[in-house]
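Data from run-v7.pdb: PDB, N, CA, C and O atoms, pLDDT in the B column
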ATOM      1  N   MET Y   1      13.176  28.719  29.061  1.00 75.00           N
ATOM      2  CA  MET Y   1      11.862  28.413  28.534  1.00 75.00           C
ATOM      3  C   MET Y   1      11.811  28.629  27.017  1.00 75.00           C
ATOM      4  O   MET Y   1      11.207  27.855  26.310  1.00 75.00           O
ATOM      5  N   THR Y   2      12.439  29.671  26.521  1.00 84.00           N
ATOM      6  CA  THR Y   2      12.412  29.915  25.084  1.00 84.00           C
ATOM      7  C   THR Y   2      13.148  28.820  24.311  1.00 84.00           C
ATOM      8  O   THR Y   2      12.752  28.502  23.193  1.00 84.00           O
ATOM      9  N   SER Y   3      14.193  28.247  24.919  1.00 92.00           N
ATOM     10  CA  SER Y   3      14.901  27.172  24.213  1.00 92.00           C
ATOM     11  C   SER Y   3      14.018  25.929  24.093  1.00 92.00           C
ATOM     12  O   SER Y   3      14.064  25.233  23.082  1.00 92.00           O
ATOM     13  N   GLU Y   4      13.198  25.670  25.100  1.00 94.00           N
ATOM     14  CA  GLU Y   4      12.281  24.533  25.039  1.00 94.00           C
ATOM     15  C   GLU Y   4      11.227  24.750  23.957  1.00 94.00           C
ATOM     16  O   GLU Y   4      10.894  23.832  23.205  1.00 94.00           O
ATOM     17  N   ILE Y   5      10.724  25.970  23.856  1.00 95.00           N
ATOM     18  CA  ILE Y   5       9.730  26.285  22.827  1.00 95.00           C
ATOM     19  C   ILE Y   5      10.347  26.130  21.447  1.00 95.00           C
ATOM     20  O   ILE Y   5       9.741  25.561  20.534  1.00 95.00           O
ATOM     21  N   GLY Y   6      11.567  26.606  21.292  1.00 94.00           N
ATOM     22  CA  GLY Y   6      12.266  26.456  20.023  1.00 94.00           C
ATOM     23  C   GLY Y   6      12.469  25.000  19.654  1.00 94.00           C
ATOM     24  O   GLY Y   6      12.293  24.614  18.486  1.00 94.00           O
ATOM     25  N   ARG Y   7      12.823  24.188  20.624  1.00 95.00           N
ATOM     26  CA  ARG Y   7      13.007  22.751  20.383  1.00 95.00           C
ATOM     27  C   ARG Y   7      11.691  22.095  19.995  1.00 95.00           C
ATOM     28  O   ARG Y   7      11.652  21.231  19.108  1.00 95.00           O
ATOM     29  N   LEU Y   8      10.613  22.488  20.658  1.00 95.00           N
ATOM     30  CA  LEU Y   8       9.302  21.937  20.321  1.00 95.00           C
ATOM     31  C   LEU Y   8       8.896  22.305  18.901  1.00 95.00           C
ATOM     32  O   LEU Y   8       8.396  21.466  18.140  1.00 95.00           O
ATOM     33  N   ARG Y   9       9.116  23.553  18.528  1.00 95.00           N
ATOM     34  CA  ARG Y   9       8.777  23.986  17.175  1.00 95.00           C
ATOM     35  C   ARG Y   9       9.606  23.261  16.132  1.00 95.00           C
ATOM     36  O   ARG Y   9       9.102  22.844  15.087  1.00 95.00           O
ATOM     37  N   ALA Y  10      10.888  23.095  16.409  1.00 96.00           N
ATOM     38  CA  ALA Y  10      11.768  22.386  15.480  1.00 96.00           C
ATOM     39  C   ALA Y  10      11.337  20.925  15.336  1.00 96.00           C
ATOM     40  O   ALA Y  10      11.317  20.376  14.225  1.00 96.00           O
ATOM     41  N   ALA Y  11      10.971  20.308  16.437  1.00 97.00           N
ATOM     42  CA  ALA Y  11      10.512  18.917  16.397  1.00 97.00           C
ATOM     43  C   ALA Y  11       9.211  18.799  15.604  1.00 97.00           C
ATOM     44  O   ALA Y  11       9.032  17.848  14.841  1.00 97.00           O
ATOM     45  N   ALA Y  12       8.314  19.764  15.771  1.00 97.00           N
ATOM     46  CA  ALA Y  12       7.050  19.747  15.030  1.00 97.00           C
ATOM     47  C   ALA Y  12       7.300  19.885  13.531  1.00 97.00           C
ATOM     48  O   ALA Y  12       6.660  19.205  12.720  1.00 97.00           O
ATOM     49  N   ARG Y  13       8.232  20.757  13.159  1.00 96.00           N
ATOM     50  CA  ARG Y  13       8.570  20.919  11.735  1.00 96.00           C
ATOM     51  C   ARG Y  13       9.171  19.628  11.177  1.00 96.00           C
ATOM     52  O   ARG Y  13       8.829  19.198  10.070  1.00 96.00           O
ATOM     53  N   ALA Y  14      10.052  19.010  11.946  1.00 97.00           N
ATOM     54  CA  ALA Y  14      10.675  17.764  11.499  1.00 97.00           C
ATOM     55  C   ALA Y  14       9.629  16.663  11.341  1.00 97.00           C
ATOM     56  O   ALA Y  14       9.678  15.889  10.374  1.00 97.00           O
ATOM     57  N   GLN Y  15       8.686  16.620  12.259  1.00 96.00           N
ATOM     58  CA  GLN Y  15       7.627  15.611  12.176  1.00 96.00           C
ATOM     59  C   GLN Y  15       6.768  15.833  10.924  1.00 96.00           C
ATOM     60  O   GLN Y  15       6.427  14.889  10.227  1.00 96.00           O
ATOM     61  N   ALA Y  16       6.453  17.082  10.637  1.00 96.00           N
ATOM     62  CA  ALA Y  16       5.652  17.389   9.446  1.00 96.00           C
ATOM     63  C   ALA Y  16       6.397  16.986   8.175  1.00 96.00           C
ATOM     64  O   ALA Y  16       5.795  16.421   7.248  1.00 96.00           O
ATOM     65  N   ARG Y  17       7.701  17.265   8.123  1.00 97.00           N
ATOM     66  CA  ARG Y  17       8.496  16.874   6.954  1.00 97.00           C
ATOM     67  C   ARG Y  17       8.531  15.355   6.814  1.00 97.00           C
ATOM     68  O   ARG Y  17       8.403  14.817   5.707  1.00 97.00           O
ATOM     69  N   SER Y  18       8.706  14.657   7.923  1.00 96.00           N
ATOM     70  CA  SER Y  18       8.755  13.195   7.890  1.00 96.00           C
ATOM     71  C   SER Y  18       7.427  12.612   7.424  1.00 96.00           C
ATOM     72  O   SER Y  18       7.399  11.664   6.634  1.00 96.00           O
ATOM     73  N   ARG Y  19       6.338  13.194   7.893  1.00 96.00           N
ATOM     74  CA  ARG Y  19       5.007  12.718   7.496  1.00 96.00           C
ATOM     75  C   ARG Y  19       4.804  12.928   5.997  1.00 96.00           C
ATOM     76  O   ARG Y  19       4.282  12.047   5.305  1.00 96.00           O
ATOM     77  N   THR Y  20       5.224  14.064   5.493  1.00 96.00           N
ATOM     78  CA  THR Y  20       5.111  14.345   4.060  1.00 96.00           C
ATOM     79  C   THR Y  20       5.909  13.328   3.252  1.00 96.00           C
ATOM     80  O   THR Y  20       5.442  12.825   2.223  1.00 96.00           O
ATOM     81  N   LYS Y  21       7.104  12.993   3.727  1.00 97.00           N
ATOM     82  CA  LYS Y  21       7.939  11.994   3.037  1.00 97.00           C
ATOM     83  C   LYS Y  21       7.303  10.611   3.094  1.00 97.00           C
ATOM     84  O   LYS Y  21       7.358   9.852   2.121  1.00 97.00           O
ATOM     85  N   LEU Y  22       6.696  10.271   4.236  1.00 97.00           N
ATOM     86  CA  LEU Y  22       6.039   8.975   4.374  1.00 97.00           C
ATOM     87  C   LEU Y  22       4.853   8.876   3.429  1.00 97.00           C
ATOM     88  O   LEU Y  22       4.663   7.857   2.762  1.00 97.00           O
ATOM     89  N   ILE Y  23       4.052   9.933   3.333  1.00 97.00           N
ATOM     90  CA  ILE Y  23       2.913   9.930   2.411  1.00 97.00           C
ATOM     91  C   ILE Y  23       3.397   9.727   0.977  1.00 97.00           C
ATOM     92  O   ILE Y  23       2.829   8.924   0.221  1.00 97.00           O
ATOM     93  N   ALA Y  24       4.448  10.425   0.591  1.00 97.00           N
ATOM     94  CA  ALA Y  24       4.998  10.279  -0.761  1.00 97.00           C
ATOM     95  C   ALA Y  24       5.493   8.852  -0.993  1.00 97.00           C
ATOM     96  O   ALA Y  24       5.262   8.269  -2.066  1.00 97.00           O
ATOM     97  N   ALA Y  25       6.158   8.281  -0.011  1.00 97.00           N
ATOM     98  CA  ALA Y  25       6.679   6.912  -0.139  1.00 97.00           C
ATOM     99  C   ALA Y  25       5.537   5.906  -0.268  1.00 97.00           C
ATOM    100  O   ALA Y  25       5.624   4.952  -1.052  1.00 97.00           O
ATOM    101  N   VAL Y  26       4.478   6.121   0.499  1.00 97.00           N
ATOM    102  CA  VAL Y  26       3.308   5.232   0.412  1.00 97.00           C
ATOM    103  C   VAL Y  26       2.706   5.310  -0.990  1.00 97.00           C
ATOM    104  O   VAL Y  26       2.410   4.283  -1.609  1.00 97.00           O
ATOM    105  N   ARG Y  27       2.552   6.493  -1.515  1.00 97.00           N
ATOM    106  CA  ARG Y  27       1.973   6.664  -2.848  1.00 97.00           C
ATOM    107  C   ARG Y  27       2.859   6.037  -3.918  1.00 97.00           C
ATOM    108  O   ARG Y  27       2.370   5.398  -4.852  1.00 97.00           O
ATOM    109  N   GLU Y  28       4.170   6.207  -3.782  1.00 97.00           N
ATOM    110  CA  GLU Y  28       5.102   5.610  -4.749  1.00 97.00           C
ATOM    111  C   GLU Y  28       5.065   4.085  -4.679  1.00 97.00           C
ATOM    112  O   GLU Y  28       5.095   3.412  -5.708  1.00 97.00           O
ATOM    113  N   ALA Y  29       5.005   3.557  -3.468  1.00 97.00           N
ATOM    114  CA  ALA Y  29       4.964   2.103  -3.300  1.00 97.00           C
ATOM    115  C   ALA Y  29       3.688   1.526  -3.899  1.00 97.00           C
ATOM    116  O   ALA Y  29       3.707   0.486  -4.564  1.00 97.00           O
ATOM    117  N   ARG Y  30       2.593   2.203  -3.694  1.00 97.00           N
ATOM    118  CA  ARG Y  30       1.308   1.752  -4.261  1.00 97.00           C
ATOM    119  C   ARG Y  30       1.356   1.814  -5.785  1.00 97.00           C
ATOM    120  O   ARG Y  30       0.910   0.878  -6.462  1.00 97.00           O
ATOM    121  N   ALA Y  31       1.922   2.891  -6.313  1.00 96.00           N
ATOM    122  CA  ALA Y  31       2.046   3.033  -7.772  1.00 96.00           C
ATOM    123  C   ALA Y  31       2.960   1.960  -8.357  1.00 96.00           C
ATOM    124  O   ALA Y  31       2.792   1.542  -9.505  1.00 96.00           O
ATOM    125  N   ALA Y  32       3.911   1.488  -7.552  1.00 97.00           N
ATOM    126  CA  ALA Y  32       4.828   0.443  -8.002  1.00 97.00           C
ATOM    127  C   ALA Y  32       4.198  -0.946  -7.910  1.00 97.00           C
ATOM    128  O   ALA Y  32       4.807  -1.938  -8.312  1.00 97.00           O
ATOM    129  N   GLY Y  33       2.970  -1.010  -7.357  1.00 97.00           N
ATOM    130  CA  GLY Y  33       2.267  -2.288  -7.334  1.00 97.00           C
ATOM    131  C   GLY Y  33       2.238  -3.006  -6.008  1.00 97.00           C
ATOM    132  O   GLY Y  33       1.692  -4.111  -5.932  1.00 97.00           O
ATOM    133  N   LEU Y  34       2.822  -2.448  -4.970  1.00 98.00           N
ATOM    134  CA  LEU Y  34       2.762  -3.104  -3.672  1.00 98.00           C
ATOM    135  C   LEU Y  34       1.330  -3.077  -3.148  1.00 98.00           C
ATOM    136  O   LEU Y  34       0.578  -2.133  -3.427  1.00 98.00           O
ATOM    137  N   THR Y  35       0.961  -4.091  -2.396  1.00 97.00           N
ATOM    138  CA  THR Y  35      -0.396  -4.154  -1.864  1.00 97.00           C
ATOM    139  C   THR Y  35      -0.556  -3.218  -0.669  1.00 97.00           C
ATOM    140  O   THR Y  35       0.431  -2.853  -0.008  1.00 97.00           O
ATOM    141  N   VAL Y  36      -1.793  -2.858  -0.412  1.00 98.00           N
ATOM    142  CA  VAL Y  36      -2.093  -1.995   0.722  1.00 98.00           C
ATOM    143  C   VAL Y  36      -1.609  -2.635   2.020  1.00 98.00           C
ATOM    144  O   VAL Y  36      -0.999  -1.974   2.862  1.00 98.00           O
ATOM    145  N   ARG Y  37      -1.848  -3.916   2.170  1.00 98.00           N
ATOM    146  CA  ARG Y  37      -1.428  -4.623   3.396  1.00 98.00           C
ATOM    147  C   ARG Y  37       0.087  -4.642   3.564  1.00 98.00           C
ATOM    148  O   ARG Y  37       0.598  -4.471   4.662  1.00 98.00           O
ATOM    149  N   THR Y  38       0.794  -4.853   2.471  1.00 98.00           N
ATOM    150  CA  THR Y  38       2.260  -4.882   2.530  1.00 98.00           C
ATOM    151  C   THR Y  38       2.805  -3.520   2.949  1.00 98.00           C
ATOM    152  O   THR Y  38       3.689  -3.424   3.809  1.00 98.00           O
ATOM    153  N   ILE Y  39       2.265  -2.468   2.347  1.00 97.00           N
ATOM    154  CA  ILE Y  39       2.705  -1.114   2.676  1.00 97.00           C
ATOM    155  C   ILE Y  39       2.386  -0.792   4.135  1.00 97.00           C
ATOM    156  O   ILE Y  39       3.233  -0.263   4.861  1.00 97.00           O
ATOM    157  N   ALA Y  40       1.177  -1.110   4.560  1.00 97.00           N
ATOM    158  CA  ALA Y  40       0.759  -0.826   5.933  1.00 97.00           C
ATOM    159  C   ALA Y  40       1.668  -1.536   6.936  1.00 97.00           C
ATOM    160  O   ALA Y  40       2.106  -0.927   7.926  1.00 97.00           O
ATOM    161  N   ALA Y  41       1.965  -2.785   6.667  1.00 97.00           N
ATOM    162  CA  ALA Y  41       2.825  -3.543   7.576  1.00 97.00           C
ATOM    163  C   ALA Y  41       4.240  -2.965   7.614  1.00 97.00           C
ATOM    164  O   ALA Y  41       4.835  -2.817   8.690  1.00 97.00           O
ATOM    165  N   ALA Y  42       4.770  -2.629   6.449  1.00 97.00           N
ATOM    166  CA  ALA Y  42       6.133  -2.107   6.384  1.00 97.00           C
ATOM    167  C   ALA Y  42       6.258  -0.742   7.055  1.00 97.00           C
ATOM    168  O   ALA Y  42       7.282  -0.433   7.662  1.00 97.00           O
ATOM    169  N   ALA Y  43       5.208   0.072   6.942  1.00 96.00           N
ATOM    170  CA  ALA Y  43       5.256   1.430   7.493  1.00 96.00           C
ATOM    171  C   ALA Y  43       4.650   1.530   8.889  1.00 96.00           C
ATOM    172  O   ALA Y  43       4.656   2.606   9.481  1.00 96.00           O
ATOM    173  N   SER Y  44       4.126   0.419   9.389  1.00 96.00           N
ATOM    174  CA  SER Y  44       3.463   0.391  10.707  1.00 96.00           C
ATOM    175  C   SER Y  44       2.324   1.411  10.793  1.00 96.00           C
ATOM    176  O   SER Y  44       2.213   2.175  11.749  1.00 96.00           O
ATOM    177  N   ILE Y  45       1.504   1.415   9.741  1.00 97.00           N
ATOM    178  CA  ILE Y  45       0.316   2.261   9.709  1.00 97.00           C
ATOM    179  C   ILE Y  45      -0.873   1.385   9.320  1.00 97.00           C
ATOM    180  O   ILE Y  45      -0.693   0.255   8.867  1.00 97.00           O
ATOM    181  N   SER Y  46      -2.069   1.905   9.478  1.00 97.00           N
ATOM    182  CA  SER Y  46      -3.253   1.110   9.165  1.00 97.00           C
ATOM    183  C   SER Y  46      -3.481   1.030   7.659  1.00 97.00           C
ATOM    184  O   SER Y  46      -3.050   1.900   6.891  1.00 97.00           O
ATOM    185  N   THR Y  47      -4.189  -0.017   7.251  1.00 97.00           N
ATOM    186  CA  THR Y  47      -4.528  -0.149   5.843  1.00 97.00           C
ATOM    187  C   THR Y  47      -5.451   0.994   5.404  1.00 97.00           C
ATOM    188  O   THR Y  47      -5.365   1.449   4.263  1.00 97.00           O
ATOM    189  N   GLN Y  48      -6.283   1.466   6.319  1.00 97.00           N
ATOM    190  CA  GLN Y  48      -7.169   2.587   5.988  1.00 97.00           C
ATOM    191  C   GLN Y  48      -6.361   3.851   5.684  1.00 97.00           C
ATOM    192  O   GLN Y  48      -6.695   4.607   4.776  1.00 97.00           O
ATOM    193  N   THR Y  49      -5.286   4.064   6.443  1.00 97.00           N
ATOM    194  CA  THR Y  49      -4.425   5.223   6.200  1.00 97.00           C
ATOM    195  C   THR Y  49      -3.769   5.111   4.830  1.00 97.00           C
ATOM    196  O   THR Y  49      -3.722   6.082   4.076  1.00 97.00           O
ATOM    197  N   VAL Y  50      -3.286   3.939   4.486  1.00 97.00           N
ATOM    198  CA  VAL Y  50      -2.680   3.725   3.164  1.00 97.00           C
ATOM    199  C   VAL Y  50      -3.697   4.043   2.078  1.00 97.00           C
ATOM    200  O   VAL Y  50      -3.393   4.754   1.114  1.00 97.00           O
ATOM    201  N   GLN Y  51      -4.910   3.555   2.235  1.00 97.00           N
ATOM    202  CA  GLN Y  51      -5.945   3.791   1.235  1.00 97.00           C
ATOM    203  C   GLN Y  51      -6.268   5.280   1.111  1.00 97.00           C
ATOM    204  O   GLN Y  51      -6.408   5.798  -0.003  1.00 97.00           O
ATOM    205  N   ARG Y  52      -6.389   5.964   2.240  1.00 96.00           N
ATOM    206  CA  ARG Y  52      -6.678   7.406   2.208  1.00 96.00           C
ATOM    207  C   ARG Y  52      -5.557   8.169   1.511  1.00 96.00           C
ATOM    208  O   ARG Y  52      -5.807   9.036   0.679  1.00 96.00           O
ATOM    209  N   TRP Y  53      -4.320   7.858   1.866  1.00 96.00           N
ATOM    210  CA  TRP Y  53      -3.189   8.578   1.298  1.00 96.00           C
ATOM    211  C   TRP Y  53      -3.047   8.317  -0.186  1.00 96.00           C
ATOM    212  O   TRP Y  53      -2.673   9.208  -0.945  1.00 96.00           O
ATOM    213  N   THR Y  54      -3.333   7.108  -0.644  1.00 95.00           N
ATOM    214  CA  THR Y  54      -3.204   6.834  -2.069  1.00 95.00           C
ATOM    215  C   THR Y  54      -4.350   7.461  -2.856  1.00 95.00           C
ATOM    216  O   THR Y  54      -4.220   7.676  -4.062  1.00 95.00           O
ATOM    217  N   LYS Y  55      -5.426   7.799  -2.187  1.00 93.00           N
ATOM    218  CA  LYS Y  55      -6.541   8.518  -2.834  1.00 93.00           C
ATOM    219  C   LYS Y  55      -6.319  10.017  -2.817  1.00 93.00           C
ATOM    220  O   LYS Y  55      -7.129  10.773  -3.339  1.00 93.00           O
ATOM    221  N   GLY Y  56      -5.245  10.453  -2.176  1.00 89.00           N
ATOM    222  CA  GLY Y  56      -4.958  11.880  -2.117  1.00 89.00           C
ATOM    223  C   GLY Y  56      -5.473  12.567  -0.873  1.00 89.00           C
ATOM    224  O   GLY Y  56      -5.348  13.771  -0.728  1.00 89.00           O
ATOM    225  N   GLU Y  57      -6.041  11.804   0.026  1.00 85.00           N
ATOM    226  CA  GLU Y  57      -6.526  12.361   1.279  1.00 85.00           C
ATOM    227  C   GLU Y  57      -5.405  12.263   2.305  1.00 85.00           C
ATOM    228  O   GLU Y  57      -5.102  11.194   2.800  1.00 85.00           O
ATOM    229  N   ASP Y  58      -4.768  13.380   2.622  1.00 75.00           N
ATOM    230  CA  ASP Y  58      -3.653  13.324   3.564  1.00 75.00           C
ATOM    231  C   ASP Y  58      -3.919  14.122   4.834  1.00 75.00           C
ATOM    232  O   ASP Y  58      -3.022  14.621   5.480  1.00 75.00           O
ATOM    233  N   ASP Y  59      -5.196  14.197   5.219  1.00 66.00           N
ATOM    234  CA  ASP Y  59      -5.518  14.855   6.478  1.00 66.00           C
ATOM    235  C   ASP Y  59      -5.070  13.991   7.640  1.00 66.00           C
ATOM    236  O   ASP Y  59      -4.717  12.831   7.479  1.00 66.00           O
ATOM    237  N   ASP Y  60      -5.078  14.554   8.821  1.00 58.00           N
ATOM    238  CA  ASP Y  60      -4.600  13.846  10.012  1.00 58.00           C
ATOM    239  C   ASP Y  60      -5.428  12.595  10.276  1.00 58.00           C
ATOM    240  O   ASP Y  60      -6.596  12.522   9.956  1.00 58.00           O
ATOM    241  N   ASP Y  61      -4.762  11.633  10.887  1.00 48.00           N
ATOM    242  CA  ASP Y  61      -5.406  10.340  11.198  1.00 48.00           C
ATOM    243  C   ASP Y  61      -6.606  10.488  12.072  1.00 48.00           C
ATOM    244  O   ASP Y  61      -6.789  11.056  12.985  1.00 48.00           O
TER     245      ASP Y  61
END

Would you kindly transcribe this structure into structure tokens?
Amino acid sequence: MTSEIGRLRAAARAQARSRTKLIAAVREARAAGLTVRTIAAAASISTQTVQRWTKGEDDDD
């Protein structure tokens, strides 16, 4: 049971790191001039999420 908990915690940490990297990539892409729609399509996220993240709002969806 403890190994499963450890795996879950490790997966949660990895997911948080990946989300942080995705937010940074979205912001960089927007700063480079890509459109909100292009970024959303490429990242498989909503245009609203792209807009929130580029405004600095990175709370959960």

Q: Between CA of Glu57 in chain Y and atom N of Ala14 in chain Y, measure the distance and give it in Å to one decimal.
A: 20.8 Å

Find the residues near range 20-28 of chain Y: any atom within 7 Å, counting only N, CA, C and O atoms, skip ones fewer than 3 places away on the same chain, and give them as a tab-separated table (two decimals) with N, CA, C and O atoms, in the frame of the given file.
chain	number	residue	atom	x	y	z
Y	14	ALA	N	10.05	19.01	11.95
Y	14	ALA	CA	10.68	17.76	11.50
Y	14	ALA	C	9.63	16.66	11.34
Y	14	ALA	O	9.68	15.89	10.37
Y	15	GLN	N	8.69	16.62	12.26
Y	15	GLN	CA	7.63	15.61	12.18
Y	15	GLN	C	6.77	15.83	10.92
Y	15	GLN	O	6.43	14.89	10.23
Y	16	ALA	N	6.45	17.08	10.64
Y	16	ALA	CA	5.65	17.39	9.45
Y	16	ALA	C	6.40	16.99	8.18
Y	16	ALA	O	5.80	16.42	7.25
Y	17	ARG	N	7.70	17.26	8.12
Y	17	ARG	CA	8.50	16.87	6.95
Y	17	ARG	C	8.53	15.36	6.81
Y	17	ARG	O	8.40	14.82	5.71
Y	31	ALA	N	1.92	2.89	-6.31
Y	31	ALA	CA	2.05	3.03	-7.77
Y	31	ALA	C	2.96	1.96	-8.36
Y	31	ALA	O	2.79	1.54	-9.51
Y	32	ALA	N	3.91	1.49	-7.55
Y	32	ALA	CA	4.83	0.44	-8.00
Y	32	ALA	C	4.20	-0.95	-7.91
Y	32	ALA	O	4.81	-1.94	-8.31
Y	33	GLY	N	2.97	-1.01	-7.36
Y	33	GLY	CA	2.27	-2.29	-7.33
Y	33	GLY	C	2.24	-3.01	-6.01
Y	33	GLY	O	1.69	-4.11	-5.93
Y	34	LEU	N	2.82	-2.45	-4.97
Y	34	LEU	CA	2.76	-3.10	-3.67
Y	34	LEU	C	1.33	-3.08	-3.15
Y	34	LEU	O	0.58	-2.13	-3.43
Y	39	ILE	N	2.26	-2.47	2.35
Y	39	ILE	CA	2.70	-1.11	2.68
Y	39	ILE	C	2.39	-0.79	4.14
Y	39	ILE	O	3.23	-0.26	4.86
Y	50	VAL	N	-3.29	3.94	4.49
Y	50	VAL	CA	-2.68	3.72	3.16
Y	50	VAL	C	-3.70	4.04	2.08
Y	50	VAL	O	-3.39	4.75	1.11
Y	53	TRP	N	-4.32	7.86	1.87
Y	53	TRP	CA	-3.19	8.58	1.30
Y	53	TRP	C	-3.05	8.32	-0.19
Y	53	TRP	O	-2.67	9.21	-0.94
Y	54	THR	N	-3.33	7.11	-0.64
Y	54	THR	CA	-3.20	6.83	-2.07
Y	54	THR	C	-4.35	7.46	-2.86
Y	54	THR	O	-4.22	7.68	-4.06

Q: For Thr47 in chain Y, list every protein, DNA or RNA residue within 7 Å, evaluated using all atoms listed in the file, and leave out those in the same chain fewer than 6 positions away; present the list as a PyMOL selection string.
A: chain Y and resi 36-37+40-41+53

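One distance worth recording is that between atom O of Thr49 in chain Y and atom O of Ser18 in chain Y, which is 12.7 Å.
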
Q. In chain Y, what's alpha helix (DSSP H) per DSSP? Answer as a count of residues only?
A. 46

Q) CA of Lys55 in chain Y and CA of Thr35 in chain Y are how many Å apart? A)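 Taking CA of Lys55 in chain Y and CA of Thr35 in chain Y, their separation equals 14.1 Å.
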